[in-house]
Amino acid sequence: MKSDSTGVLPKDLHNWALFLDVDGTLIDLASTPTGVKIPQELPGQLLSLFTQLDGAMALVTGRSIESVDAMFAPFQFPVAGMHGSEVRDGSGNLGRKLINRLALDQARQELEKLTARWPQTIIEDKGLAIAMHYRLVPEAERAVQATMSTVHSRLGEGWKLQNGKMVVELLPSGTDKGSAVADFMTMAPFKGRKPLAIGDDLTDEAMFRFVNGSNGLSVRVGRPLFQSDAQYKVNSPNEVRGWIAALTGAPKQTDKSPELFPLSTQD
């Protein structure tokens with residue numbers, strides 16, 4: 001773990017490969033998955049950053065690639081979607097996990113019964129995965145966890161549960177954000193660079209662990225409610241966006257780069 005509390009995010013990304021989570025990292029969290037707001041300037045700034053890195057930048061997210069493309073249209077970046085269940089590499093090649101769609105249809109029916117009992121819970125159907133959000137009704141957490149656990153046990157091998165901020169997700173097993181980043185790092189233009197990963201949730205921890213073991217830099221956004229493997233933290237997505245703006249020469253709110261606080265001493 002790094003211990004220098006004066007460390008800052010790199011001001012020069014030469015020889016870095018950048019991996020960015022989306023919700024809670026690039027953009028502020030919202031009450032619903034569709035309620036997020038994309039700053040008007042952000043897609044263009046990401047394109048500028050992507051160009052500056054010679055293409056060695058990927059978005060690593062729980063969202064589907066289709067959802068990410070809609071958020072940052074008209075640009076399409078390398079993406080690991082649904083925690084690595086689908087990936088579009090730097091050459092535009094798309095790969096997806098194979099799943100039993102009939103089994104997932106049965107799971108959806110069970111979850112619809114749950115939303116009938118808890119109307120403010122939200123089913124996010126991602127095609128290859130299903131997420132149950134309870135941000136609007138935190139008291140439903142126990143019911144959501146229990147139902148998702150039951151559905152998971154019925155599906156059997158080939159599936160896993162993933163917890164996040166006020167959400168539980170059912171998705172294909174065998175991949176996570178760490179393995180997705182590891183795969184990117186074997187391919188051009190990522191290969192031979194140092195990985196820099198920025199994320200905010202439990203799902204990003206696998207990404208942090210891989211980066212830490214690869215002589216890279218891991219940065220957590222916000223204060224975690226659990227012991228994080230990230231080396232440093234910044235306070236908010238706004239600080240991440242300010243850093244991106246500074247790197248791309250866009251107007252920013254402050255001339256200072258966001259300070260990185262070692263998680264071992266701050267949390």
# chains A, B, ... in the order shown; residues from 1 in each chain; ligands from 1
>>> select_by_dssp(residues="stretch 177-231 of chain A", states="strand (DSSP E)", output="PDB file with all heavy atoms, in the first residue's frame")
ATOM      1  N   LYS A 194       1.561   0.845 -17.850  1.00  0.00           N
ATOM      2  CA  LYS A 194       1.189   0.662 -16.454  1.00  0.00           C
ATOM      3  C   LYS A 194      -0.304   0.926 -16.299  1.00  0.00           C
ATOM      4  O   LYS A 194      -0.796   1.943 -16.772  1.00  0.00           O
ATOM      5  CB  LYS A 194       1.975   1.614 -15.541  1.00  0.00           C
ATOM      6  CG  LYS A 194       3.462   1.356 -15.495  1.00  0.00           C
ATOM      7  CD  LYS A 194       4.131   2.236 -14.456  1.00  0.00           C
ATOM      8  CE  LYS A 194       3.986   3.715 -14.790  1.00  0.00           C
ATOM      9  NZ  LYS A 194       4.679   4.576 -13.793  1.00  0.00           N
ATOM     10  N   PRO A 195      -1.037   0.019 -15.625  1.00  0.00           N
ATOM     11  CA  PRO A 195      -2.484   0.228 -15.508  1.00  0.00           C
ATOM     12  C   PRO A 195      -2.845   1.200 -14.391  1.00  0.00           C
ATOM     13  O   PRO A 195      -2.291   1.162 -13.288  1.00  0.00           O
ATOM     14  CB  PRO A 195      -3.005  -1.176 -15.190  1.00  0.00           C
ATOM     15  CG  PRO A 195      -1.875  -1.836 -14.470  1.00  0.00           C
ATOM     16  CD  PRO A 195      -0.612  -1.275 -15.089  1.00  0.00           C
ATOM     17  N   LEU A 196      -3.782   2.070 -14.686  1.00  0.00           N
ATOM     18  CA  LEU A 196      -4.368   2.993 -13.719  1.00  0.00           C
ATOM     19  C   LEU A 196      -5.867   2.748 -13.705  1.00  0.00           C
ATOM     20  O   LEU A 196      -6.539   2.893 -14.729  1.00  0.00           O
ATOM     21  CB  LEU A 196      -4.068   4.441 -14.122  1.00  0.00           C
ATOM     22  CG  LEU A 196      -4.865   5.561 -13.441  1.00  0.00           C
ATOM     23  CD1 LEU A 196      -4.705   5.517 -11.925  1.00  0.00           C
ATOM     24  CD2 LEU A 196      -4.443   6.925 -13.989  1.00  0.00           C
ATOM     25  N   ALA A 197      -6.400   2.336 -12.554  1.00  0.00           N
ATOM     26  CA  ALA A 197      -7.820   2.007 -12.439  1.00  0.00           C
ATOM     27  C   ALA A 197      -8.492   2.929 -11.429  1.00  0.00           C
ATOM     28  O   ALA A 197      -7.976   3.142 -10.331  1.00  0.00           O
ATOM     29  CB  ALA A 197      -7.994   0.553 -12.012  1.00  0.00           C
ATOM     30  N   ILE A 198      -9.665   3.454 -11.803  1.00  0.00           N
ATOM     31  CA  ILE A 198     -10.429   4.333 -10.924  1.00  0.00           C
ATOM     32  C   ILE A 198     -11.855   3.797 -10.830  1.00  0.00           C
ATOM     33  O   ILE A 198     -12.515   3.577 -11.847  1.00  0.00           O
ATOM     34  CB  ILE A 198     -10.444   5.783 -11.444  1.00  0.00           C
ATOM     35  CG1 ILE A 198      -9.019   6.264 -11.760  1.00  0.00           C
ATOM     36  CG2 ILE A 198     -11.092   6.710 -10.428  1.00  0.00           C
ATOM     37  CD1 ILE A 198      -8.947   7.669 -12.338  1.00  0.00           C
ATOM     38  N   GLY A 199     -12.335   3.561  -9.612  1.00  0.00           N
ATOM     39  CA  GLY A 199     -13.673   3.033  -9.404  1.00  0.00           C
ATOM     40  C   GLY A 199     -14.197   3.417  -8.037  1.00  0.00           C
ATOM     41  O   GLY A 199     -13.472   4.006  -7.229  1.00  0.00           O
ATOM     42  N   LEU A 217      -1.617   1.762 -10.487  1.00  0.00           N
ATOM     43  CA  LEU A 217      -2.173   2.686  -9.507  1.00  0.00           C
ATOM     44  C   LEU A 217      -3.678   2.466  -9.428  1.00  0.00           C
ATOM     45  O   LEU A 217      -4.367   2.474 -10.444  1.00  0.00           O
ATOM     46  CB  LEU A 217      -1.877   4.131  -9.927  1.00  0.00           C
ATOM     47  CG  LEU A 217      -2.422   5.253  -9.031  1.00  0.00           C
ATOM     48  CD1 LEU A 217      -1.776   5.190  -7.650  1.00  0.00           C
ATOM     49  CD2 LEU A 217      -2.151   6.615  -9.683  1.00  0.00           C
ATOM     50  N   SER A 218      -4.183   2.252  -8.209  1.00  0.00           N
ATOM     51  CA  SER A 218      -5.623   2.046  -8.004  1.00  0.00           C
ATOM     52  C   SER A 218      -6.173   3.175  -7.148  1.00  0.00           C
ATOM     53  O   SER A 218      -5.606   3.522  -6.115  1.00  0.00           O
ATOM     54  CB  SER A 218      -5.874   0.690  -7.334  1.00  0.00           C
ATOM     55  OG  SER A 218      -5.188   0.585  -6.103  1.00  0.00           O
ATOM     56  N   VAL A 219      -7.304   3.731  -7.593  1.00  0.00           N
ATOM     57  CA  VAL A 219      -7.878   4.909  -6.945  1.00  0.00           C
ATOM     58  C   VAL A 219      -9.365   4.680  -6.693  1.00  0.00           C
ATOM     59  O   VAL A 219     -10.128   4.393  -7.627  1.00  0.00           O
ATOM     60  CB  VAL A 219      -7.689   6.176  -7.799  1.00  0.00           C
ATOM     61  CG1 VAL A 219      -8.278   7.388  -7.097  1.00  0.00           C
ATOM     62  CG2 VAL A 219      -6.215   6.400  -8.104  1.00  0.00           C
ATOM     63  N   ARG A 220      -9.754   4.849  -5.467  1.00  0.00           N
ATOM     64  CA  ARG A 220     -11.145   4.698  -5.054  1.00  0.00           C
ATOM     65  C   ARG A 220     -11.806   6.077  -5.003  1.00  0.00           C
ATOM     66  O   ARG A 220     -11.226   7.035  -4.489  1.00  0.00           O
ATOM     67  CB  ARG A 220     -11.166   4.033  -3.678  1.00  0.00           C
ATOM     68  CG  ARG A 220     -12.476   4.120  -2.948  1.00  0.00           C
ATOM     69  CD  ARG A 220     -13.422   3.052  -3.362  1.00  0.00           C
ATOM     70  NE  ARG A 220     -14.742   3.284  -2.814  1.00  0.00           N
ATOM     71  CZ  ARG A 220     -15.613   2.336  -2.573  1.00  0.00           C
ATOM     72  NH1 ARG A 220     -15.297   1.084  -2.828  1.00  0.00           N
ATOM     73  NH2 ARG A 220     -16.785   2.616  -2.090  1.00  0.00           N
ATOM     74  N   VAL A 221     -13.028   6.178  -5.513  1.00  0.00           N
ATOM     75  CA  VAL A 221     -13.788   7.428  -5.466  1.00  0.00           C
ATOM     76  C   VAL A 221     -14.754   7.358  -4.295  1.00  0.00           C
ATOM     77  O   VAL A 221     -15.618   6.484  -4.234  1.00  0.00           O
ATOM     78  CB  VAL A 221     -14.561   7.673  -6.770  1.00  0.00           C
ATOM     79  CG1 VAL A 221     -15.310   9.001  -6.696  1.00  0.00           C
ATOM     80  CG2 VAL A 221     -13.612   7.665  -7.964  1.00  0.00           C
TER      81      VAL A 221
END
>>> closest_residue(among="A:Gly178, A:Ala143, A:Gly24, A:Met57", to="A:Arg223", atoms="only C-alpha atoms")
A:Gly24
>>> select_by_dssp(residues="stretch 14-262 of chain A", states="helix (DSSP H, G or I)", output="VMD selection string")
chain A and resid 33 to 35 42 to 52 65 to 71 82 to 84 101 to 117 138 to 155 177 to 184 202 to 212 237 to 248
>>> closest_residue(among="A:Lys233, A:Lys191, A:Lys177, A:Arg241", to="A:Arg209", atoms="only C-alpha atoms")
A:Lys177
>>> closest_residue(among="A:Leu136, A:Leu171, A:Ala182, A:Leu20", to="A:Leu49", atoms="only C-alpha atoms")
A:Leu20
>>> closest_residue(among="A:Ser85, A:Phe184, A:Leu225, A:Thr51", to="A:Phe210", atoms="only C-alpha atoms")
A:Phe184
>>> atom_distance(atom1="atom CA of A:Arg193", atom2="atom CA of A:Asn15")
5.0 Å
>>> residues_around(residues="A:Leu53", least_positions_apart="2", cutoff="8 Å", atoms="only C-alpha atoms", output="VMD selection string")
chain A and resid 13 to 14 16 to 17 49 to 51 55 to 57
>>> closest_residue(among="A:Gly192, A:Gln120, A:Thr34, A:Gly127", to="A:Ser214", atoms="only C-alpha atoms")
A:Gly192
>>> atom_distance(atom1="atom CA of A:Glu239", atom2="atom CA of A:Ala73")
22.6 Å
